[in-house]
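Novice: Dumping the structure here so I can ask a few things about it.
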Amino acid sequence: MCGIVGYTGPREAYPVILKGLKRLEYRGYDSAGVALLNSGLKVYKKKGKVADLEESLIGKDVHANIGIGHTRWATHGEPNDRNAHPHLSASGRLSMIHNGIIENYALIKKELLSKGYAFKSDTDTEVLLNFIDEIQQHNDCSLEEAVRVALKRVVGAYCILLIDKEDPHTIIAARKGSPLVIGIGKGEHFLASDATPIIEYTKEVVYVNDYELAIVRPDELILKNLGNEKITPYITKLDMDLAAIEKGGYEHFMLKEIFEQPKTIYDCLRGRLDVANGTITMAGVENYMEQLKNAPRIIIIACGTSWHAGLVAEYVIEDLCRIPVEVEYASEFRYRNPVVNKGDVIIAISQSGETADTLVAIEKAKEQGAIIFGVVNAVGSSIARASHAGAYTHSGPEIGVASTKAFTGQLAVLNMIALKIAKVKGTISDERYHNLLAELEAVPEKVEAILENADAVKAIAEKYKDSSDALFLGRGYNFPVALEGALKLKEISYIHAEGYPAAEMKHGPIALVTETLPVVFVATKDSYHEKVVSNMQEIKARRGKVISIITEGDNISPTLSDDVFVVPPADEVIAPMLSVIPLQLLSYYAGTAKGYNVDMPRNLAKSVTVE
Ligand code: F6R
């Protein structure tokens, strides 16, 4: 949540920052701003998107070689010009941007008010900034020192960048709980919430860790801990190219990412799955195989779409490995008093690798001695680094706010993990094991075939786009897919949607069924199919509108459906990787038909770094 960018070096800072903010806009888009340091310190900010800020700055003096910029997802104070970042300190000397939440800001604010400070915004950020300002003025110390002193009192999460009018070359940065990457150029440095604003300038980056403070000058990067001890920066090479973060001719990132899935799933399987030799190579799993196969219980923690992937994995792991699995919302796990027994393995699933709830839940489980296995997309992210072992999904940067390709990547990884454990444990027959390997390998091609028919989903979406509600039903492996279909539809098209196990519908939601209610059945051919068909009949009998996702060759479901979308046949373990694709398309086309910005849906942000 909130995107931050900083630059210091010989280039014009404003265009670098502006471009970076556009790349980070998925993290928040209710206001944006920049602070530029030239002969003076200029702060420009604007409610709305980065493009609104850009427009408001036409003709303004934006010349500077150092600056910081921010795109906001509001936490404290409504989105308006006043609450937008950067903030300017009361002395007018410092400017700061912040991603995160300062939990004890009210107390600090009270102290500052009693010292005569006044505040222009409702934000926790301005409080922290003035706290730093007060320490600097009072102690006549360097900004670095003032930041260090202030952060020792701060409770909460932050990634902050500050510039000081008196020091026209230095950016001071610090993080705890919110991400920060520093790109190392030749005589210049780039700072950002993730690597996407940096990639076109340099591939050498340093991921800053919690409780670290960076002093960044054009030709110098000093990392320290809050105890003022120097830390050697660990330089990583980015494995990402520019094309991966651009739209590449698609109207929206979401559509591009949906259509990328044949490739991203292939990339995820590549080098791991060897059907001819019947092997799956995953170093992270192999190193922890003893713990995984002997785990008395696996607890999966995640949020949102990643949580849905976890639910599918619950079915797969219990079915193939015979290990009990629990799937928990990270936000619940972190605050209740969960029982984590010796030997339990936690699988943490996250696209961004920065979700605050998941990250804290991991720390909590670690304290109780659990082994953490991360299934993460963003390479080098906080969750990846906080895990003992893991497997990347290799889906590439996901920029559209709705998670699409990351979900199928997560399913691919989780299926491979389950198959590997089952093989070692001997809980799967050789025949099933080899069949499932071959089925996995065939997924990219089948997804390709589904995407070739995207127009059929578009027609369905246009037909139902004005519905106020929708139900998504499925059983077994397709129940989590129904949940995912409902989540996608509501976040992208703002149609209220509920996902339910198809059989559970008659315990309540069936009361909603009318002639106008679209009910989407995820009804691919599996061991539950006949039961799902009965549920379809129950809806039809009440004149609901049935839209079903079915398997090629199913002649019964179409007789009960108003609209059908056909997917290629697949084993039920693999089917969710196919049946979810039309649901992603359905939400995309419903959202675009209603004229919504599907890449930046209302109130949302991609990377939820606040709890
Ligand atoms: C939905 C969506 C969110 C995320 C959730 C977890 O389309 O994108 O529900 O899945 O915020 O995010 P990650 O996977 O980054 O931890």
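If you're wondering about the labels, chains in the structure tokens are A, B, ... by order shown, residues count from 1 in each chain, ligands from 1 in order shown.
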Produce a table with one row for each residue of chain A that has an atom at most 7 Å from any atom of ligand 1, each row naming the nearest atom pair and its distance in Å at one decimal; use only C-alpha atoms and all ligand atoms; arrange rows by chain and rising residue number; format as a tab-separated table.
Specialist:
residue	atom	partner	partner_atom_place_in_ligand_line	distance
A:Ala302	CA	ligand 1	16 (O)	6.3
A:Cys303	CA	ligand 1	6 (C)	4.5
A:Gly304	CA	ligand 1	9 (O)	3.2
A:Thr305	CA	ligand 1	10 (O)	3.7
A:Ser306	CA	ligand 1	14 (O)	4.8
A:Ile349	CA	ligand 1	14 (O)	6.4
A:Ser350	CA	ligand 1	14 (O)	3.5
A:Gln351	CA	ligand 1	14 (O)	3.6
A:Ser352	CA	ligand 1	15 (O)	3.6
A:Gly353	CA	ligand 1	15 (O)	5.6
A:Glu354	CA	ligand 1	15 (O)	6.3
A:Thr355	CA	ligand 1	16 (O)	4.6
A:Thr358	CA	ligand 1	16 (O)	6.7
A:Val401	CA	ligand 1	8 (O)	5.7
A:Ala402	CA	ligand 1	7 (O)	3.4
A:Ser403	CA	ligand 1	7 (O)	3.9
A:Thr404	CA	ligand 1	7 (O)	6.9
A:Leu487	CA	ligand 1	1 (C)	6.8
A:Lys488	CA	ligand 1	7 (O)	5.9
A:Lys606	CA	ligand 1	8 (O)	6.1
A:Ser607	CA	ligand 1	15 (O)	5.6
A:Val608	CA	ligand 1	11 (O)	5.7
Novice: Need to verify the contact set: Lys110 in chain A, 12 Å, only C-alpha atoms, exclusion of same-chain residues closer than 5 positions in sequence. Can you return it as a list of chain:residue names?
Specialist: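 Surrounding residues, per the criterion: A:Asn104, A:Tyr105, A:Lys115, A:Gly116, A:Tyr117, A:Ala118, A:Phe119, A:Asp124, A:Val127, A:Leu128, A:Asn130, A:Phe131.
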Novice: Please provide as a PyMOL selection string all residues within 12 Å of Leu414 in chain A, with the sequence filter that same-chain residues fewer than 6 positions apart are discarded (counting only C-alpha atoms).
Specialist: chain A and resi 268-269+282+285+300+306+308-317+320+347-349+373-376+390-393+407-408+420-421+440+573-574+577
Novice: Mind giving me the straight-line distance from CA of Ile102 in chain A to CA of Cys159 in chain A in Å, one decimal?
Specialist: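 Result for CA of Ile102 in chain A versus CA of Cys159 in chain A: 10.5 Å, one decimal.
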Novice: Using only C-alpha atoms, find the one residue out of A:Glu504, A:Asp344, A:Asp241, A:Glu515 that sits nearest to Ile299 in chain A.
Specialist: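 Distance minimum relative to Ile299 in chain A lands on A:Asp344.
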Novice: Neighbouring residues of range 5-14 of chain A were defined as those with any atom within 8 Å, considering only C-alpha atoms; residues of the same chain fewer than 6 positions away were excluded. Please report them as a list in words.
Specialist: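 Here the answer would be Gly20, Leu21, Val34, Leu36, Val62, His63, Ala64, Asn65, Ile66, Gly67, Ile68, Gly69, His70, Leu161, His169, Thr170, Ile171, Gly187, Glu188, His189, Phe190, Leu191, Ala192, Ser193, Pro197, Val216, Arg217, Pro218 and Asp219 of chain A.
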Novice: Given only C-alpha atoms as the basis, pick out the residue of A:Leu560, A:Ile198, A:Ala356, A:Ala365 nearest to Met240 in chain A.
Specialist: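 When distances to Met240 in chain A are compared using only C-alpha atoms, the smallest one comes from A:Ile198.
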Novice: Running DSSP on the backbone, which parts of range 343-490 of chain A land in strand (DSSP E or B), as a ChimeraX atom specification?
Specialist: /A:345-350,371-376,389-392,469-474
Novice: Could you save the residues just selected, with all heavy atoms, as a compact mmCIF listing (two decimals), in the first residue's frame?
Specialist:
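File produced: part33.txt:
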# COMPACT_ATOMS: atom_id res chain seq x y z
N VAL A 345 3.96 -27.70 9.93
CA VAL A 345 4.60 -26.88 8.90
C VAL A 345 3.60 -25.81 8.46
O VAL A 345 2.42 -26.10 8.26
CB VAL A 345 5.02 -27.74 7.69
CG1 VAL A 345 5.50 -26.86 6.54
CG2 VAL A 345 6.12 -28.72 8.09
N ILE A 346 4.09 -24.59 8.35
CA ILE A 346 3.24 -23.50 7.86
C ILE A 346 3.58 -23.27 6.39
O ILE A 346 4.75 -23.10 6.05
CB ILE A 346 3.55 -22.18 8.62
CG1 ILE A 346 3.40 -22.35 10.13
CG2 ILE A 346 2.74 -21.02 8.07
CD1 ILE A 346 2.01 -22.33 10.66
N ILE A 347 2.56 -23.25 5.55
CA ILE A 347 2.79 -22.80 4.17
C ILE A 347 2.16 -21.41 4.06
O ILE A 347 0.96 -21.25 4.29
CB ILE A 347 2.17 -23.75 3.13
CG1 ILE A 347 2.81 -25.16 3.23
CG2 ILE A 347 2.36 -23.20 1.71
CD1 ILE A 347 2.33 -26.17 2.20
N ALA A 348 3.00 -20.43 3.77
CA ALA A 348 2.51 -19.05 3.62
C ALA A 348 2.46 -18.74 2.13
O ALA A 348 3.45 -18.91 1.43
CB ALA A 348 3.44 -18.08 4.33
N ILE A 349 1.28 -18.32 1.65
CA ILE A 349 1.12 -18.06 0.22
C ILE A 349 0.91 -16.57 0.01
O ILE A 349 0.06 -15.96 0.66
CB ILE A 349 -0.09 -18.82 -0.36
CG1 ILE A 349 -0.03 -20.31 0.03
CG2 ILE A 349 -0.15 -18.68 -1.88
CD1 ILE A 349 -1.27 -21.09 -0.38
N SER A 350 1.68 -16.00 -0.91
CA SER A 350 1.51 -14.57 -1.18
C SER A 350 2.08 -14.21 -2.55
O SER A 350 3.19 -14.60 -2.88
CB SER A 350 2.23 -13.75 -0.10
OG SER A 350 2.15 -12.38 -0.40
N ILE A 371 8.02 -24.46 11.12
CA ILE A 371 8.83 -24.26 9.92
C ILE A 371 7.96 -23.53 8.91
O ILE A 371 6.80 -23.89 8.69
CB ILE A 371 9.28 -25.61 9.36
CG1 ILE A 371 10.34 -26.17 10.29
CG2 ILE A 371 9.83 -25.50 7.94
CD1 ILE A 371 10.45 -27.63 10.20
N ILE A 372 8.53 -22.51 8.30
CA ILE A 372 7.74 -21.70 7.35
C ILE A 372 8.19 -22.02 5.94
O ILE A 372 9.37 -21.86 5.60
CB ILE A 372 7.92 -20.19 7.60
CG1 ILE A 372 7.84 -19.85 9.10
CG2 ILE A 372 6.95 -19.39 6.76
CD1 ILE A 372 6.51 -20.05 9.76
N PHE A 373 7.22 -22.41 5.14
CA PHE A 373 7.49 -22.67 3.73
C PHE A 373 6.73 -21.61 2.93
O PHE A 373 5.51 -21.53 3.00
CB PHE A 373 7.03 -24.09 3.38
CG PHE A 373 7.54 -24.54 2.06
CD1 PHE A 373 8.72 -25.27 1.97
CD2 PHE A 373 6.88 -24.19 0.90
CE1 PHE A 373 9.22 -25.66 0.74
CE2 PHE A 373 7.38 -24.57 -0.34
CZ PHE A 373 8.55 -25.31 -0.42
N GLY A 374 7.45 -20.79 2.19
CA GLY A 374 6.79 -19.70 1.46
C GLY A 374 6.50 -20.08 0.01
O GLY A 374 7.35 -20.63 -0.66
N VAL A 375 5.29 -19.77 -0.42
CA VAL A 375 4.95 -19.89 -1.84
C VAL A 375 4.67 -18.46 -2.30
O VAL A 375 3.62 -17.89 -2.02
CB VAL A 375 3.73 -20.81 -2.06
CG1 VAL A 375 3.31 -20.82 -3.53
CG2 VAL A 375 4.04 -22.22 -1.59
N VAL A 376 5.65 -17.87 -2.94
CA VAL A 376 5.65 -16.43 -3.16
C VAL A 376 5.95 -16.13 -4.62
O VAL A 376 6.68 -16.88 -5.28
CB VAL A 376 6.74 -15.79 -2.24
CG1 VAL A 376 6.90 -14.31 -2.51
CG2 VAL A 376 6.41 -16.01 -0.76
N ALA A 389 12.15 -21.92 3.96
CA ALA A 389 12.34 -22.50 2.62
C ALA A 389 11.15 -22.10 1.79
O ALA A 389 10.19 -21.51 2.32
CB ALA A 389 12.39 -24.03 2.74
N GLY A 390 11.19 -22.41 0.52
CA GLY A 390 10.03 -22.03 -0.27
C GLY A 390 10.20 -22.33 -1.73
O GLY A 390 11.21 -22.90 -2.16
N ALA A 391 9.18 -21.93 -2.49
CA ALA A 391 9.24 -22.09 -3.94
C ALA A 391 8.58 -20.87 -4.55
O ALA A 391 7.47 -20.49 -4.14
CB ALA A 391 8.49 -23.36 -4.34
N TYR A 392 9.27 -20.26 -5.48
CA TYR A 392 8.69 -19.12 -6.18
C TYR A 392 7.71 -19.62 -7.24
O TYR A 392 7.88 -20.69 -7.82
CB TYR A 392 9.79 -18.30 -6.85
CG TYR A 392 10.57 -17.42 -5.89
CD1 TYR A 392 11.95 -17.59 -5.70
CD2 TYR A 392 9.94 -16.39 -5.20
CE1 TYR A 392 12.66 -16.76 -4.84
CE2 TYR A 392 10.64 -15.56 -4.34
CZ TYR A 392 12.00 -15.74 -4.16
OH TYR A 392 12.69 -14.93 -3.31
N ASP A 469 -26.45 -8.57 -8.15
CA ASP A 469 -25.86 -9.63 -7.34
C ASP A 469 -25.55 -10.85 -8.21
O ASP A 469 -26.11 -10.98 -9.30
CB ASP A 469 -26.85 -10.11 -6.26
CG ASP A 469 -27.35 -8.98 -5.40
OD1 ASP A 469 -26.71 -8.70 -4.40
OD2 ASP A 469 -28.38 -8.36 -5.77
N ALA A 470 -24.72 -11.72 -7.69
CA ALA A 470 -24.45 -12.99 -8.37
C ALA A 470 -24.03 -14.02 -7.33
O ALA A 470 -23.44 -13.67 -6.30
CB ALA A 470 -23.35 -12.82 -9.42
N LEU A 471 -24.35 -15.28 -7.63
CA LEU A 471 -23.90 -16.37 -6.76
C LEU A 471 -22.92 -17.23 -7.54
O LEU A 471 -23.13 -17.47 -8.74
CB LEU A 471 -25.09 -17.26 -6.38
CG LEU A 471 -25.80 -17.07 -5.05
CD1 LEU A 471 -26.87 -18.16 -4.90
CD2 LEU A 471 -24.83 -17.13 -3.87
N PHE A 472 -21.88 -17.69 -6.88
CA PHE A 472 -20.92 -18.61 -7.51
C PHE A 472 -20.91 -19.89 -6.69
O PHE A 472 -20.68 -19.84 -5.47
CB PHE A 472 -19.51 -17.99 -7.51
CG PHE A 472 -19.33 -16.91 -8.54
CD1 PHE A 472 -19.92 -15.67 -8.39
CD2 PHE A 472 -18.56 -17.15 -9.67
CE1 PHE A 472 -19.76 -14.67 -9.33
CE2 PHE A 472 -18.39 -16.15 -10.63
CZ PHE A 472 -18.99 -14.92 -10.47
N LEU A 473 -21.19 -21.01 -7.34
CA LEU A 473 -21.29 -22.26 -6.61
C LEU A 473 -20.35 -23.32 -7.19
O LEU A 473 -20.14 -23.39 -8.41
CB LEU A 473 -22.73 -22.79 -6.68
CG LEU A 473 -23.82 -21.84 -6.15
CD1 LEU A 473 -25.20 -22.43 -6.40
CD2 LEU A 473 -23.63 -21.54 -4.68
N GLY A 474 -19.80 -24.13 -6.32
CA GLY A 474 -18.95 -25.24 -6.76
C GLY A 474 -18.81 -26.22 -5.61
O GLY A 474 -19.14 -25.90 -4.46
Novice: Here is a test: counting only C-alpha atoms, which residue of A:Gly40, A:Gly595, A:Gly3, A:Gly343 is nearest to Lys22 in chain A?
Specialist: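 Of the candidates, the smallest distance to Lys22 in chain A is held by A:Gly3.
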Novice: Need the shell around Asp210 in chain A: protein/DNA/RNA residues with any atom at most 6 Å away, counting only C-alpha atoms. Skip same-chain ones fewer than 2 positions apart. Format as an MDAnalysis selection string?
Specialist: chainID A and resid 175:176 212
Novice: Using only C-alpha atoms, which residues sit within 12 Å of Asn337 in chain A once same-chain residues fewer than 6 positions away are excluded, as a PyMOL selection string?
Specialist: chain A and resi 361+364-365+368
Novice: Need to verify the contact set: Ile245 in chain A, 12 Å, only C-alpha atoms, exclusion of same-chain residues closer than 6 positions in sequence. Can you return it as a PyMOL selection string?
Specialist: chain A and resi 20+22-24+26+194-200+252-254+256-257+395-400
Novice: Pick from A:Thr609, A:Ser387, A:Ser534, A:Thr71: nearest to Arg475 in chain A, with only C-alpha atoms counted?
Specialist: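 Comparing A:Thr609, A:Ser387, A:Ser534, A:Thr71 against Arg475 in chain A, the winner is A:Ser534.
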Novice: Hey, which of A:Lys463, A:His138, A:Lys42, A:Lys120 ends up closest to Lys594 in chain A? Count only C-alpha atoms.
Specialist: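 Closest candidate: A:Lys463.
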Novice: CA of Met1 in chain A and CA of Arg27 in chain A are how many Å apart?
Specialist: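 According to the coordinates, CA of Met1 in chain A and CA of Arg27 in chain A are separated by 4.7 Å.
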Novice: Could you please write out, as a list in words, every residue of range 330-399 of chain A that DSSP assigns to helix (DSSP H, G or I)?
Specialist: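 After running DSSP on the backbone, range 330-399 of chain A has helix (DSSP H, G or I) at Ala330, Ser331, Glu332, Phe333, Ala356, Asp357, Thr358, Leu359, Val360, Ala361, Ile362, Glu363, Lys364, Ala365, Lys366, Glu367, Ser382, Ile383, Ala384, Arg385 and Ala386 of chain A.
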